[in-house]
file entry.cif (mmCIF, C-alpha atoms and all ligand atoms)
data_final
#
loop_
_atom_site.label_atom_id
_atom_site.label_comp_id
_atom_site.auth_asym_id
_atom_site.auth_seq_id
_atom_site.Cartn_x
_atom_site.Cartn_y
_atom_site.Cartn_z
CA MET I 102 -16.45 29.38 55.17
CA ALA I 103 -13.32 31.48 55.64
CA ALA I 104 -12.64 34.51 53.41
CA ILE I 105 -9.95 34.10 50.80
CA ASN I 106 -7.49 36.97 50.40
CA PHE I 107 -5.16 37.30 47.50
CA ALA I 108 -1.94 39.13 48.20
CA ALA I 109 -1.14 42.29 46.33
CA VAL I 110 0.30 41.41 42.94
CA SER I 111 2.75 43.53 40.92
CA MET I 112 2.76 42.87 37.22
CA TRP I 113 5.12 43.83 34.41
CA LEU I 114 3.72 44.20 30.97
CA PRO I 115 5.83 44.41 27.81
CA GLU I 116 5.90 47.66 25.82
CA LEU I 117 6.78 47.85 22.21
CA SER I 118 9.26 50.52 21.10
CA SER I 119 10.58 51.27 17.70
CA GLY I 120 13.91 52.59 18.98
CA LYS I 121 15.57 55.98 18.03
CA GLY I 122 14.38 58.30 15.33
CA ASN I 123 11.58 57.76 12.95
CA THR I 124 13.41 55.23 10.87
CA PHE I 125 11.46 52.08 10.77
CA ARG I 126 13.28 49.13 12.09
CA SER I 127 12.18 45.64 11.65
CA SER I 128 13.20 44.62 15.13
CA PHE I 129 11.38 45.91 18.19
CA VAL I 130 12.84 46.30 21.65
CA LEU I 131 10.82 44.92 24.49
CA LYS I 132 10.65 47.26 27.47
CA LYS I 133 9.18 46.46 30.80
CA ARG I 134 6.97 48.96 32.48
CA PRO I 135 5.34 48.62 35.85
CA VAL I 136 1.60 48.37 36.23
CA ALA I 137 -0.24 49.45 39.31
CA SER I 138 -0.46 46.88 42.07
CA VAL I 139 -3.63 44.88 42.10
CA SER I 140 -5.22 43.77 45.28
CA VAL I 141 -8.17 41.44 45.20
CA ALA I 142 -10.14 40.28 48.12
CA ALA I 143 -12.78 37.65 47.77
CA SER I 144 -15.08 36.53 50.47
CA SER I 145 -17.75 33.93 50.57
CA SER I 146 -21.34 34.80 51.34
CA GLU I 147 -21.36 31.69 53.54
CA SER I 148 -18.87 33.16 56.03
CA SER I 149 -20.40 33.48 59.49
CA PRO I 150 -19.93 36.59 61.66
CA PRO I 151 -17.41 36.23 64.49
CA VAL I 152 -18.94 34.89 67.67
CA PRO I 153 -18.58 37.47 70.48
CA GLU I 154 -16.74 36.15 73.48
CA LYS I 155 -18.81 35.74 76.60
CA PRO I 156 -17.75 37.81 79.60
CA GLU I 157 -15.99 35.90 82.35
CA ILE I 158 -15.73 36.15 86.11
CA GLU I 159 -12.42 35.37 87.77
CA LEU I 160 -12.69 33.85 91.21
CA GLU I 161 -10.26 33.57 94.08
CA PHE I 162 -11.08 31.28 96.98
CA ILE I 163 -9.20 32.02 100.18
CA GLY I 164 -8.62 29.05 102.46
CA PRO I 165 -10.01 29.18 105.99
CA LYS I 166 -6.73 28.42 107.72
CA PRO I 167 -3.14 29.45 107.01
CA ASP I 168 -0.73 26.80 105.79
CA GLY I 169 2.75 26.06 107.18
CA ASP I 170 4.10 29.38 105.84
CA ARG I 171 1.30 31.22 107.64
CA ARG I 172 -0.19 32.13 104.29
CA TYR I 173 -3.81 31.57 103.43
CA PRO I 174 -4.00 29.26 100.42
CA VAL I 175 -5.68 30.70 97.33
CA ILE I 176 -7.42 28.65 94.67
CA ARG I 177 -8.29 30.36 91.40
CA ALA I 178 -11.05 29.59 88.92
CA LYS I 179 -12.75 31.28 85.98
CA GLU I 180 -16.35 30.96 84.78
CA ILE I 181 -18.59 32.47 82.15
CA SER I 182 -20.66 35.26 83.67
CA GLY I 183 -24.16 34.33 84.84
CA GLU I 184 -24.04 30.62 84.07
CA LYS I 185 -23.33 28.98 87.41
CA LEU I 186 -24.06 29.06 91.10
CA LEU I 187 -21.10 29.62 93.39
CA ARG I 188 -21.74 26.24 95.02
CA ASN I 189 -21.46 24.41 91.70
CA ILE I 190 -18.28 26.27 90.75
CA MET I 191 -16.70 25.22 94.03
CA LEU I 192 -17.79 21.60 93.73
CA ASP I 193 -16.75 21.38 90.06
CA ASN I 194 -13.29 22.68 90.99
CA LYS I 195 -13.08 20.41 94.06
CA ILE I 196 -12.91 23.41 96.40
CA GLU I 197 -14.00 22.54 99.91
CA LEU I 198 -17.20 24.37 100.78
CA TYR I 199 -18.66 22.67 103.80
CA ALA I 200 -17.49 22.36 107.37
CA THR I 201 -17.70 19.00 109.14
CA TYR I 202 -21.45 18.95 109.70
CA GLY I 203 -22.28 20.29 106.28
CA LYS I 204 -20.19 17.64 104.56
CA VAL I 205 -22.59 14.95 105.64
CA MET I 206 -25.82 16.84 106.25
CA ASN I 207 -26.06 19.45 103.50
CA CYS I 208 -29.25 19.73 101.48
CA GLY I 209 -27.50 19.38 98.11
CA GLY I 210 -28.07 22.99 97.14
CA GLY I 211 -31.76 23.13 97.92
CA GLY I 212 -31.51 26.14 100.21
CA SER I 213 -32.80 24.37 103.30
CA CYS I 214 -29.71 23.62 105.43
CA GLY I 215 -27.78 26.89 105.62
CA THR I 216 -24.39 25.13 105.67
CA CYS I 217 -22.91 26.45 102.41
CA ILE I 218 -21.77 29.74 103.91
CA VAL I 219 -19.06 31.84 102.25
CA GLU I 220 -17.96 35.42 102.68
CA ILE I 221 -17.57 37.69 99.67
CA LEU I 222 -14.45 39.76 100.30
CA ASP I 223 -14.51 41.54 96.94
CA GLY I 224 -16.72 41.74 93.86
CA LYS I 225 -20.15 41.46 95.49
CA ASP I 226 -21.57 43.73 92.78
CA LEU I 227 -20.90 40.95 90.27
CA LEU I 228 -23.32 38.63 92.09
CA ASN I 229 -27.09 38.46 92.43
CA GLU I 230 -28.83 40.07 95.40
CA ARG I 231 -29.36 37.98 98.52
CA THR I 232 -32.36 35.71 98.10
CA ASN I 233 -35.19 35.32 100.63
CA THR I 234 -33.59 32.03 101.71
CA GLU I 235 -30.37 33.87 102.52
CA LEU I 236 -32.21 36.64 104.34
CA ARG I 237 -33.77 33.96 106.55
CA PHE I 238 -30.58 31.95 107.25
CA LEU I 239 -28.16 34.87 107.46
CA LYS I 240 -30.39 37.34 109.31
CA LYS I 241 -27.88 37.98 112.10
CA LYS I 242 -24.72 37.41 110.06
CA PRO I 243 -22.51 39.99 108.34
CA GLU I 244 -23.84 41.38 105.07
CA SER I 245 -20.85 39.98 103.24
CA TRP I 246 -21.90 36.40 104.01
CA ARG I 247 -23.75 34.44 101.35
CA LEU I 248 -25.10 30.96 100.80
CA ALA I 249 -23.13 29.53 97.90
CA CYS I 250 -26.14 27.61 96.59
CA GLN I 251 -28.11 30.85 96.26
CA THR I 252 -25.36 32.94 94.73
CA ILE I 253 -25.25 33.37 90.97
CA VAL I 254 -21.80 34.38 89.74
CA GLY I 255 -22.23 37.15 87.17
CA ASN I 256 -25.26 38.29 85.20
CA LYS I 257 -24.16 37.22 81.68
CA GLU I 258 -23.02 40.78 80.87
CA ASN I 259 -20.63 41.78 83.63
CA ALA I 260 -17.04 40.69 84.11
CA GLY I 261 -14.48 41.07 86.85
CA LYS I 262 -13.10 39.39 89.92
CA VAL I 263 -14.81 37.93 92.95
CA VAL I 264 -12.83 37.03 96.06
CA VAL I 265 -14.43 34.43 98.30
CA GLN I 266 -13.48 33.53 101.87
CA ARG I 267 -14.25 29.88 102.52
CA LEU I 268 -15.77 28.89 105.85
CA PRO I 269 -15.90 32.42 107.30
CA GLN I 270 -17.44 31.00 110.48
CA TRP I 271 -13.99 29.59 111.28
CA LYS I 272 -12.38 33.03 111.30
CA LYS I 273 -11.57 34.36 114.74
S1 LIG B 301 -26.47 23.69 100.36
FE1 LIG B 301 -28.10 23.75 101.78
S2 LIG B 301 -28.55 25.83 101.93
FE2 LIG B 301 -26.94 25.77 100.48
#
call {"tool": "encode", "arguments": {"input": "entry.cif", "output": "structure tokens", "more": "lines below"}}
Ligand code: FES
result
Amino acid sequence: MAAINFAAVSMWLPELSSGKGNTFRSSFVLKKRPVASVSVAASSSESSPPVPEKPEIELEFIGPKPDGDRRYPVIRAKEISGEKLLRNIMLDNKIELYATYGKVMNCGGGGSCGTCIVEILDGKDLLNERTNTELRFLKKKPESWRLACQTIVGNKENAGKVVVQRLPQWKK
């Protein structure tokens, strides 16, 4: 339950005065005098501690071919660190991952076809190490190449930006 806060309250209390001199008068003058401000805060023992935000990884996916303006299209996404494979992030965001053959013959993320290749242009330290499957499929490929179905984005504690080149095999 949320804490209840009362705003600071200024109060005026009446003061009795008998007026001038020591002659008793039957009528008293009411004076106002300030009293210190009172601030009260009440909180419920049922209030829950704030939930810490989970670190996030920003992703940029660079298209394999320039568009009409000769610019490479960029698609952006954001995910909680350490919760998803790169392949699933791309599919969930409808980002094209496979080339022609892979579109129809991929293994569905099982690590047995080698068609889900991407290149990590920036932020490789935010990803897991290459798996044995990747070492087998990408033995003669640049170190920056990964299999998206083997690549975990983040480790639940880190945050930052990863830049991914789609279909690096199409680059000349
Ligand atoms: S989808 Fe087959 S190896 Fe990644």
call {"tool": "closest_residue", "arguments": {"input": "entry.cif", "among": "I:Leu236, I:Cys208, I:Ile196, I:Leu228", "to": "ligand LIG 301 (chain B)", "atoms": "all atoms listed in the file"}}
result
I:Cys208
call {"tool": "residues_near_ligand", "arguments": {"input": "entry.cif", "ligand": "ligand LIG 301 (chain B)", "cutoff": "7 Å", "atoms": "only C-alpha atoms and all ligand atoms", "output": "short mmCIF file (atom, residue, chain, number, x, y, z; two decimals) with C-alpha atoms, in the frame of the given file"}}
result
data_model
loop_
_atom_site.label_atom_id
_atom_site.label_comp_id
_atom_site.auth_asym_id
_atom_site.auth_seq_id
_atom_site.Cartn_x
_atom_site.Cartn_y
_atom_site.Cartn_z
CA ASN I 207 -26.06 19.45 103.50
CA CYS I 208 -29.25 19.73 101.48
CA GLY I 209 -27.50 19.38 98.11
CA GLY I 210 -28.07 22.99 97.14
CA GLY I 211 -31.76 23.13 97.92
CA GLY I 212 -31.51 26.14 100.21
CA SER I 213 -32.80 24.37 103.30
CA CYS I 214 -29.71 23.62 105.43
CA GLY I 215 -27.78 26.89 105.62
CA THR I 216 -24.39 25.13 105.67
CA CYS I 217 -22.91 26.45 102.41
CA LEU I 248 -25.10 30.96 100.80
CA ALA I 249 -23.13 29.53 97.90
CA CYS I 250 -26.14 27.61 96.59
CA GLN I 251 -28.11 30.85 96.26
#
call {"tool": "closest_atom_pairs", "arguments": {"input": "entry.cif", "of": "region 150-254 of chain I", "to": "region 260-266 of chain I", "cutoff": "6 Å", "atoms": "only C-alpha atoms", "output": "CSV"}}
result
residue,atom,partner,partner_atom,distance
I:Pro156,CA,I:Ala260,CA,5.4
I:Glu157,CA,I:Ala260,CA,5.2
I:Ile158,CA,I:Gly261,CA,5.1
I:Glu159,CA,I:Lys262,CA,4.6
I:Leu160,CA,I:Val263,CA,4.9
I:Glu161,CA,I:Val264,CA,4.7
I:Phe162,CA,I:Val265,CA,4.8
I:Ile163,CA,I:Gln266,CA,4.8
I:Val219,CA,I:Gln266,CA,5.8
I:Glu220,CA,I:Gln266,CA,4.9
I:Ile221,CA,I:Val265,CA,4.7
I:Leu222,CA,I:Val264,CA,5.3
I:Asp223,CA,I:Val264,CA,4.9
I:Gly224,CA,I:Val263,CA,4.4
call {"tool": "axis_aligned_box", "arguments": {"input": "entry.cif", "around": "region 192-208 of chain I", "padding_each_side": "8 Å", "output": "lines of an AutoDock Vina configuration file"}}
result
center_x = -21.1
center_y = 19.7
center_z = 99.9
size_x = 32.3
size_y = 25.4
size_z = 35.6
call {"tool": "atom_distance", "arguments": {"input": "entry.cif", "atom1": "CA of Asn256 (chain I)", "atom2": "CA of Arg231 (chain I)"}}
result
13.9 Å
call {"tool": "atom_distance", "arguments": {"input": "entry.cif", "atom1": "CA of Ile190 (chain I)", "atom2": "CA of Arg177 (chain I)"}}
result
10.8 Å
call {"tool": "decode", "arguments": {"input": "entry.cif", "residues": "region 159-186 of chain I", "atoms": "C-alpha atoms", "output": "PDB file, in the first residue's frame"}}
result
ATOM      1  CA  GLU I 159      19.502  -1.534 -27.057  1.00  0.00           C
ATOM      2  CA  LEU I 160      19.893  -3.118 -30.453  1.00  0.00           C
ATOM      3  CA  GLU I 161      20.444  -1.684 -33.896  1.00  0.00           C
ATOM      4  CA  PHE I 162      20.052  -3.935 -36.915  1.00  0.00           C
ATOM      5  CA  ILE I 163      21.745  -2.694 -40.060  1.00  0.00           C
ATOM      6  CA  GLY I 164      20.159  -3.795 -43.317  1.00  0.00           C
ATOM      7  CA  PRO I 165      22.255  -5.803 -45.771  1.00  0.00           C
ATOM      8  CA  LYS I 166      21.660  -3.515 -48.734  1.00  0.00           C
ATOM      9  CA  PRO I 167      21.363   0.259 -49.072  1.00  0.00           C
ATOM     10  CA  ASP I 168      17.978   1.717 -49.898  1.00  0.00           C
ATOM     11  CA  GLY I 169      17.188   4.255 -52.636  1.00  0.00           C
ATOM     12  CA  ASP I 170      19.062   7.009 -50.762  1.00  0.00           C
ATOM     13  CA  ARG I 171      22.131   4.764 -50.585  1.00  0.00           C
ATOM     14  CA  ARG I 172      21.673   4.523 -46.844  1.00  0.00           C
ATOM     15  CA  TYR I 173      21.638   1.256 -44.981  1.00  0.00           C
ATOM     16  CA  PRO I 174      18.295   0.908 -43.203  1.00  0.00           C
ATOM     17  CA  VAL I 175      18.467   0.631 -39.417  1.00  0.00           C
ATOM     18  CA  ILE I 176      15.871  -1.097 -37.268  1.00  0.00           C
ATOM     19  CA  ARG I 177      15.991  -0.506 -33.525  1.00  0.00           C
ATOM     20  CA  ALA I 178      14.808  -2.711 -30.687  1.00  0.00           C
ATOM     21  CA  LYS I 179      15.256  -2.947 -26.929  1.00  0.00           C
ATOM     22  CA  GLU I 180      15.265  -6.034 -24.696  1.00  0.00           C
ATOM     23  CA  ILE I 181      15.827  -6.893 -21.067  1.00  0.00           C
ATOM     24  CA  SER I 182      19.398  -8.057 -20.563  1.00  0.00           C
ATOM     25  CA  GLY I 183      19.978 -11.819 -20.616  1.00  0.00           C
ATOM     26  CA  GLU I 184      16.430 -12.915 -21.380  1.00  0.00           C
ATOM     27  CA  LYS I 185      16.442 -13.647 -25.106  1.00  0.00           C
ATOM     28  CA  LEU I 186      18.418 -15.114 -27.947  1.00  0.00           C
TER      29      LEU I 186
END
